[in-house]
Amino acid sequence: MKFLEKLLDKMEPDFLKGGKKEKWMPLFDGFATFLFVPKHTTKKGVHVRDAVDLKRTMNTVIMALLPCLLFGIWNTGFQHYKALGLLAEFDFLDQVLFGAWQVLPIVVVSYVVGLGVEFAFALYKGHSIEEGFLVSGMLIPLIVPADTPLWMVGVATAFAVVFGKEVFGGTGMNILNPALVARAFLFFAYPKQLSGDKAWVNTDLPDGYTADAGAVLNALGEKVGQIDAMAGATQLSRFNATIGIGKENGIEAGRAALSNAHSVWDSFIGIVPGSIGETSVIAILMGAGLLLLTRVASWRVMVAGIAGAAAMTLIFNTAGAGVNAYMDVTILQHLTAGGFMFGLVYMATDPVSAAQTVKGKFIYGFLIGMMAIMIRVFNPAYPEGMMLAILFMNVMAPLIDHYIVEGNIKKRLSRVKAKGEVKVQANAQS
Amino acid sequence: MRSYAFLNSTVSIMAVQIKLRKGGDIKLQGSAEKAIIEAPKSEFFAIKPSDFHGVTPKLILKEGAKVKAGTPVYYDKGNEKIKFSSPVSGEISEVVRGARRVILEIKIKADGTDVSEEVGVGTSDNKEQIIEKLLNVGLWPMIKQRPFNCIANPEDAPKAVFVSAFDSSPLAPDYDFLLKGREHDFQAGIDALAKLSGTGKVNLSVSSDNSSSWMSRVNNAEVAEIGGQHPAGNVGVQIHHLNPMNKGEVVWTVNAQDVAIIGSLLKTGKVSTKKVVALTGSEVESPKYFNATIGQNLAGVFEGNIKTAEESPRFISGNVLTGSKVEKDGYLGFYDSQLTVIPEGDKYDFFGWAVPVQPEKYSFSHTLWSWITPKKEYRLNTNLNGEGRAFVVSGQYEALLPMSILPVHLLKACLVEDIDMMEGLGIYEIVPEDIALCEFACTSKQPTQEILQAGLDLVKKECA
């Protein structure tokens with residue numbers, strides 16, 4: 001390491017102000033600080049500093065995302081072969097390899113495009129490269145369907161970094177969670193390609209296999225599998241379908257259609273189709289455990305989010321004569337379906353776009369939970385209410401904080417006022 | 001006398017008790033052993049205008065002038081009544097100036113005699129006489145005011161006078177030990193300060209871990225027991241809970257050791273700037289208390305008492321959170337009762353941000369595993385442990401500030417110079433030392449004390 005340290009010491013003067021490579025400083029700084037925590041010491045103020053920094057904090061979140069990524073890789077392959085009815089032909093290793101082949105390019109595209117934009121902005125504006133995208137770059141692949149074309153991932157990532165973050169001034173300044181901006185961009189820009197049942201599971205036949213009227217034949221022409229037409233339907237689209245069925249054939253028919261849904265258990269384990277990282281609640285809970293243990297994410301947001309979802313679900317469940325069958329979906333089904341838990345654990349807790357005040361976090365989390373369920377149940381056009389609920393509350397978070405701040409100011413003012421009144425009384429008596 | 005003692009002991013039983021939940025203790029190696037050593041006599045002394053934030057010094061005496069302990073050497077251009085004096089008798093040997101002729105130090109060569117200005121015994125003085133005496137011998141700067149934590153304006157009528165009888169900062173000296181044998185000086189100081197207070201008493205806060213201390217039984221004091229981690233010992237935090245500051249109000253504060261120095265002046269009529277100082281820190285060979293004089297040269301104190309380590313040491317007059325960096329042959333700060341020596345941290349740390357377990361590092365956050373060993377003492381160096389960033393993590397400061405103040409919002413108001421917002425969010429109640437712990441913990445390495453000080457300076461300038 002001494003060799004590298006000496007090399008850095010030798011190279012640094014060129015990049016400093018007045019050096020011949022001055023404008024490349026952000027790039028040099030980015031690589032140097034990636035390799036080493038720099039030897040900067042405290043100059044004024046406190047003489048010692050806590051060992052935590054933004055790199056470590058962000059790194060902790062990435063560690064917490066790893067269970068979701070690993071599970072997502074396997075599940076992508078598993079869902080693929082399951083949809084083709086070829087689980088018997090392709091074992092666990094094949095499933096992981098197929099999943100890796102699908103997922104890892106998305107991760108690479110997300111990081112390359114996102115960091116490219118970040119580097120460009122850092123060089124242009126002359127500030128150091130910030131760590132925020134390290135997490136966003138991992139979140140984006142995990143919240144898109146496995147079969148999303150790579151160019152779409154690239155376009156969405158670039159859009160998110162530029163319009164979700166850099167236009168506001170970079171890490172720490174953004175209003176919306178950048179990864180959700182990417183997801184919302186995909187959702188609204190490419191609705192045809194990325195909704196319905198197609199995008200979630202890849203149903204291309206493996207080499208040497210052919211399909212004939214739903215049957216999958218191997219190279220010898222033997223029937224080895226059966227394509228499952230329903231396989232690509234996520235839990236949410238299955239719930240969502242009951243609204244349409246209810247409208248056409250009466251609410252009882254809708255209720256009956258709820259039985260098409262995946263079991264809560266399958267949904268909890270995560271062996272259902274969905275966005276790459278969102279399906280397994282077990283993996284998410286492992287990540288949540290790390291985030292809560294390290295106190296990187298706010299437990300207040302998480303607890304309040306679940307409470308909000310539970311409250312809303314309870315209201316719908318007990319409303320009796322329901323408007324649609326979706327209202328009958330239970331709290332456990334809601335919590336395990338779609339991106340609710342993923343969004344709550346990894347995205348609602350983003351400290352920059354969430355409410356900043358302690359009390360505000362409870363309100364913010366609770367309203368996210370409520371709104372996510374409300375959007376799911378009443379808006380058939382947007383099956384995943386979580387994305388919109390978080391984005392909406394991102395926008396509302398400053399308003400929540402505003403009232404908490406006002407409350408603090410008012411409390412201080414009332415103290416002065418109370419004192420003033422005492423004085424006035426005393427004067428009147430004297 | 002007996003009935004007095006009885007009366008006071010009942011008062012202390014009924015003392016206000018406050019337990020603070022927020023805050024945090026940084027446990028460092030090198031706390032001072034409770035033994036007092038005689039440090040080598042210092043020949044040179046210095047008065048540093050930088051010890052007094054916001055003071056513009058105007059010299060009264062020139063180089064070569066003879067001085068006694070308590071002879072005014074310069075005054076504050078902003079308030080000519082406030083004078084700063086020599087701590088010893090001797091001769092002004094040098095006025096050290098920096099860029100743009102700013103006075104950095106006024107060096108005094110001691111003559112070894114303990115000759116002092118005489119102001120006459122003042123134990124039965126009234127308020128005006130006490131103020132007059134303190135101003136004349138340059139001990140007035142020991143009385144500071146809230147808001148702004150600057151030297152008090154002698155013309156103000158403070159609603160209360162607060163003294164914290166304990167220090168909760170890292171490696172802090174034990175005030176019971178510092179003041180051992182000076183009980184009568186301390187009582188005389190409290191008696192005098194009580195006359196200056198709007199309440200007729202001094203608000204004295206003792207640690208709830210040490211509620212049986214003799215200090216909780218002094219006369220003319222309203223004693224409160226404060227419990228909790230740092231910054232529970234900060235007088236600003238205590239004021240916030242006992243008698244919060246409102247706009248337009250003034251509270252005076254005095255360091256407990258300075259109370260004894262003031263008391264000694266009034267008891268004897270002579271200036272004695274002797275105090276006990278704790279020499280602490282991981283780089284100190286044998287951390288102990290030593291007899292010191294305000295402004296004394298520290299070379300003799302450090303000499304032969306610093307461990308030889310790979311890293312060069314950093315010498316701090318004060319504690320690691322609020323102290324100021326001094327040279328090895330620097331001078332003791334006016335307000336300081338503690339010296340700290342820690343290693344410099346000017347070296348690279350290979351993937352230091354990624355390695356999960358690093359037993360030598362300490363963090364309030366749980367991202368390193370130092371929280372598993374809460375009793376362990378650390379040898380922390382001066383490395384920034386990261387790079388400066390915008391505010392990202394939330395809730396971090398709030399957990400370390402035991403006050404009903406929203407620290408990040410207040411700091412942001414300071415950054416955008418929004419005076420209305422600063423007032424609304426309580427800038428009159430807080431001073432930099434109260435958020436020093438937030439600065440330590442900050443993930444984004446923000447200079448919170450500097451930001452708050454700039455806000456305070458602005459408010460003071462605009463509203464004065």
# chains A, B, ... in the order shown; residues from 1 in each chain; ligands from 1
>>> closest_atom_pairs(of="chain A", to="chain B", cutoff="7 Å", atoms="only C-alpha atoms", output="tab-separated table")
residue	atom	partner	partner_atom	distance
A:Phe34	CA	B:Phe351	CA	6.9
A:Leu35	CA	B:Phe351	CA	5.3
A:Phe36	CA	B:Phe350	CA	4.3
A:Val37	CA	B:Asp349	CA	5.0
A:Pro38	CA	B:Tyr348	CA	5.3
A:Lys39	CA	B:Asp346	CA	4.5
A:His40	CA	B:Leu384	CA	5.7
A:Thr41	CA	B:Asn383	CA	4.2
A:Thr42	CA	B:Leu384	CA	5.6
A:Gly45	CA	B:Gln449	CA	6.2
A:Val46	CA	B:Leu321	CA	4.3
A:His47	CA	B:Val320	CA	5.1
A:Val48	CA	B:Thr382	CA	4.9
A:Arg49	CA	B:Phe440	CA	4.7
A:Asp50	CA	B:Ser363	CA	4.9
A:Ala51	CA	B:Ser363	CA	5.2
A:Val52	CA	B:Thr443	CA	5.7
A:Asp53	CA	B:Thr443	CA	4.6
A:Leu54	CA	B:Thr443	CA	5.7
A:Lys55	CA	B:Trp353	CA	6.1
A:Arg56	CA	B:Trp353	CA	4.9
A:Thr57	CA	B:Thr367	CA	7.0
A:Asn59	CA	B:Ala354	CA	6.9
A:Gly172	CA	B:Val392	CA	4.8
A:Leu293	CA	B:His366	CA	6.9
A:Thr294	CA	B:His366	CA	4.2
A:Arg295	CA	B:His366	CA	6.0
A:Pro351	CA	B:Val393	CA	5.5
A:Val352	CA	B:Val392	CA	5.5
A:Gln356	CA	B:Ser394	CA	5.6
A:Thr357	CA	B:Gly395	CA	6.9
A:Val358	CA	B:Gly395	CA	6.6
A:Asn408	CA	B:Leu425	CA	6.9
A:Ile409	CA	B:Gly424	CA	4.8
A:Val416	CA	B:Asn246	CA	6.3
>>> residues_around(residues="A:Phe185", least_positions_apart="3", cutoff="10 Å", atoms="only C-alpha atoms", output="ChimeraX atom specification")
/A:152-153,155-157,159-160,179-182,188-191
>>> write_last_selection(atoms="N, CA, C and O atoms", output="PDB file, in the first residue's frame")
ATOM      1  N   MET A 152     -33.513   0.856 -22.101  1.00  0.00           N
ATOM      2  CA  MET A 152     -34.506   1.568 -21.274  1.00  0.00           C
ATOM      3  C   MET A 152     -33.921   1.851 -19.891  1.00  0.00           C
ATOM      4  O   MET A 152     -34.106   2.928 -19.337  1.00  0.00           O
ATOM      5  N   VAL A 153     -33.208   0.855 -19.344  1.00  0.00           N
ATOM      6  CA  VAL A 153     -32.578   1.064 -18.038  1.00  0.00           C
ATOM      7  C   VAL A 153     -31.618   2.247 -18.123  1.00  0.00           C
ATOM      8  O   VAL A 153     -31.599   3.125 -17.262  1.00  0.00           O
ATOM      9  N   VAL A 155     -31.581   4.803 -20.304  1.00  0.00           N
ATOM     10  CA  VAL A 155     -32.274   6.087 -20.477  1.00  0.00           C
ATOM     11  C   VAL A 155     -32.891   6.533 -19.150  1.00  0.00           C
ATOM     12  O   VAL A 155     -32.755   7.689 -18.735  1.00  0.00           O
ATOM     13  N   ALA A 156     -33.527   5.588 -18.460  1.00  0.00           N
ATOM     14  CA  ALA A 156     -34.197   5.942 -17.201  1.00  0.00           C
ATOM     15  C   ALA A 156     -33.173   6.386 -16.156  1.00  0.00           C
ATOM     16  O   ALA A 156     -33.408   7.341 -15.408  1.00  0.00           O
ATOM     17  N   THR A 157     -32.034   5.697 -16.113  1.00  0.00           N
ATOM     18  CA  THR A 157     -31.008   6.051 -15.131  1.00  0.00           C
ATOM     19  C   THR A 157     -30.472   7.458 -15.402  1.00  0.00           C
ATOM     20  O   THR A 157     -30.346   8.277 -14.482  1.00  0.00           O
ATOM     21  N   PHE A 159     -31.960   9.852 -16.965  1.00  0.00           N
ATOM     22  CA  PHE A 159     -33.013  10.808 -16.629  1.00  0.00           C
ATOM     23  C   PHE A 159     -33.057  11.048 -15.121  1.00  0.00           C
ATOM     24  O   PHE A 159     -33.135  12.190 -14.640  1.00  0.00           O
ATOM     25  N   ALA A 160     -32.976   9.946 -14.360  1.00  0.00           N
ATOM     26  CA  ALA A 160     -33.093  10.058 -12.902  1.00  0.00           C
ATOM     27  C   ALA A 160     -31.944  10.859 -12.311  1.00  0.00           C
ATOM     28  O   ALA A 160     -32.148  11.705 -11.436  1.00  0.00           O
ATOM     29  N   ALA A 179     -33.875   6.855  -7.513  1.00  0.00           N
ATOM     30  CA  ALA A 179     -34.187   5.538  -8.051  1.00  0.00           C
ATOM     31  C   ALA A 179     -35.668   5.439  -8.401  1.00  0.00           C
ATOM     32  O   ALA A 179     -36.048   4.836  -9.410  1.00  0.00           O
ATOM     33  N   LEU A 180     -36.504   6.053  -7.583  1.00  0.00           N
ATOM     34  CA  LEU A 180     -37.941   6.017  -7.891  1.00  0.00           C
ATOM     35  C   LEU A 180     -38.264   6.903  -9.088  1.00  0.00           C
ATOM     36  O   LEU A 180     -39.218   6.631  -9.815  1.00  0.00           O
ATOM     37  N   VAL A 181     -37.472   7.944  -9.286  1.00  0.00           N
ATOM     38  CA  VAL A 181     -37.657   8.763 -10.485  1.00  0.00           C
ATOM     39  C   VAL A 181     -37.399   7.900 -11.713  1.00  0.00           C
ATOM     40  O   VAL A 181     -38.162   7.938 -12.689  1.00  0.00           O
ATOM     41  N   ALA A 182     -36.351   7.071 -11.640  1.00  0.00           N
ATOM     42  CA  ALA A 182     -36.052   6.171 -12.756  1.00  0.00           C
ATOM     43  C   ALA A 182     -37.217   5.215 -12.998  1.00  0.00           C
ATOM     44  O   ALA A 182     -37.648   4.999 -14.134  1.00  0.00           O
ATOM     45  N   PHE A 188     -44.077   5.485 -16.868  1.00  0.00           N
ATOM     46  CA  PHE A 188     -44.913   6.386 -17.654  1.00  0.00           C
ATOM     47  C   PHE A 188     -44.434   6.521 -19.102  1.00  0.00           C
ATOM     48  O   PHE A 188     -45.215   6.823 -19.991  1.00  0.00           O
ATOM     49  N   ALA A 189     -43.133   6.327 -19.338  1.00  0.00           N
ATOM     50  CA  ALA A 189     -42.627   6.509 -20.694  1.00  0.00           C
ATOM     51  C   ALA A 189     -42.832   5.261 -21.554  1.00  0.00           C
ATOM     52  O   ALA A 189     -43.028   5.367 -22.760  1.00  0.00           O
ATOM     53  N   TYR A 190     -42.758   4.105 -20.945  1.00  0.00           N
ATOM     54  CA  TYR A 190     -42.884   2.869 -21.722  1.00  0.00           C
ATOM     55  C   TYR A 190     -43.966   1.965 -21.132  1.00  0.00           C
ATOM     56  O   TYR A 190     -43.691   0.820 -20.770  1.00  0.00           O
ATOM     57  N   PRO A 191     -45.196   2.472 -21.054  1.00  0.00           N
ATOM     58  CA  PRO A 191     -46.233   1.676 -20.394  1.00  0.00           C
ATOM     59  C   PRO A 191     -46.515   0.367 -21.133  1.00  0.00           C
ATOM     60  O   PRO A 191     -46.765  -0.656 -20.505  1.00  0.00           O
TER      61      PRO A 191
END
>>> closest_residue(among="B:Gln29, B:Ser317, B:Asn149, B:Ser85", to="B:Leu456", atoms="only C-alpha atoms")
B:Asn149
>>> select_by_dssp(residues="stretch 206-438 of chain B", states="alpha helix (DSSP H)", output="ChimeraX atom specification")
/B:235-242,256-268,299-302,407-415,419-424,436-438
>>> write_last_selection(atoms="C-alpha atoms", output="JSON list (two decimals), in the first residue's frame")
[["chain", "number", "residue", "atom", "x", "y", "z"],
["B", 235, "VAL", "CA", -24.05, 25.42, 31.19],
["B", 236, "GLY", "CA", -26.13, 26.30, 28.11],
["B", 237, "VAL", "CA", -27.94, 22.98, 28.26],
["B", 238, "GLN", "CA", -28.61, 23.54, 31.96],
["B", 239, "ILE", "CA", -29.98, 27.05, 31.36],
["B", 240, "HIS", "CA", -32.23, 25.64, 28.64],
["B", 241, "HIS", "CA", -33.87, 23.28, 31.10],
["B", 242, "LEU", "CA", -33.89, 25.45, 34.23],
["B", 256, "ALA", "CA", -16.51, 27.00, 38.39],
["B", 257, "GLN", "CA", -12.75, 27.42, 38.76],
["B", 258, "ASP", "CA", -13.04, 31.08, 37.78],
["B", 259, "VAL", "CA", -15.63, 31.48, 40.55],
["B", 260, "ALA", "CA", -12.88, 30.60, 43.02],
["B", 261, "ILE", "CA", -10.46, 33.04, 41.39],
["B", 262, "ILE", "CA", -13.06, 35.80, 41.68],
["B", 263, "GLY", "CA", -13.73, 34.75, 45.27],
["B", 264, "SER", "CA", -10.05, 34.87, 46.11],
["B", 265, "LEU", "CA", -9.79, 38.42, 44.71],
["B", 266, "LEU", "CA", -12.63, 39.62, 46.91],
["B", 267, "LYS", "CA", -11.35, 37.77, 49.98],
["B", 268, "THR", "CA", -7.76, 39.01, 49.76],
["B", 299, "ALA", "CA", 6.73, 23.75, 27.29],
["B", 300, "GLY", "CA", 7.72, 22.64, 30.78],
["B", 301, "VAL", "CA", 4.47, 20.79, 31.26],
["B", 302, "PHE", "CA", 4.74, 18.77, 28.06],
["B", 407, "PRO", "CA", -30.28, 21.74, 15.17],
["B", 408, "VAL", "CA", -30.13, 21.10, 11.43],
["B", 409, "HIS", "CA", -32.86, 23.61, 10.67],
["B", 410, "LEU", "CA", -31.15, 26.17, 12.88],
["B", 411, "LEU", "CA", -27.82, 25.58, 11.14],
["B", 412, "LYS", "CA", -29.46, 25.90, 7.73],
["B", 413, "ALA", "CA", -31.01, 29.19, 8.86],
["B", 414, "CYS", "CA", -27.48, 30.30, 9.82],
["B", 415, "LEU", "CA", -26.13, 29.25, 6.42],
["B", 419, "ILE", "CA", -32.22, 36.07, 11.15],
["B", 420, "ASP", "CA", -35.97, 35.69, 11.78],
["B", 421, "MET", "CA", -35.66, 31.96, 11.38],
["B", 422, "MET", "CA", -32.58, 31.81, 13.64],
["B", 423, "GLU", "CA", -34.46, 33.67, 16.35],
["B", 424, "GLY", "CA", -37.52, 31.49, 15.94],
["B", 436, "ALA", "CA", -19.72, 20.34, 19.24],
["B", 437, "LEU", "CA", -20.84, 16.77, 19.78],
["B", 438, "CYS", "CA", -23.01, 16.99, 16.65]]
>>> residues_around(residues="stretch 54-68 of chain B", least_positions_apart="3", cutoff="8 Å", atoms="only C-alpha atoms", output="list in words")
Pro49, Thr71, Pro72, Val73, Tyr74, Tyr75, Asp76, Lys77, Gly78, Ser86, Pro87, Val88, Ser89, Gly90, Glu91, Ile92, Ser93, Glu94, Val95, Ile103, Val115, Ser116, Glu117 and Cys150 of chain B
>>> atom_distance(atom1="atom CA of A:Ile284", atom2="atom CA of A:Ser136")
16.4 Å
>>> atom_distance(atom1="atom CA of A:Tyr209", atom2="atom CA of A:Leu84")
10.4 Å
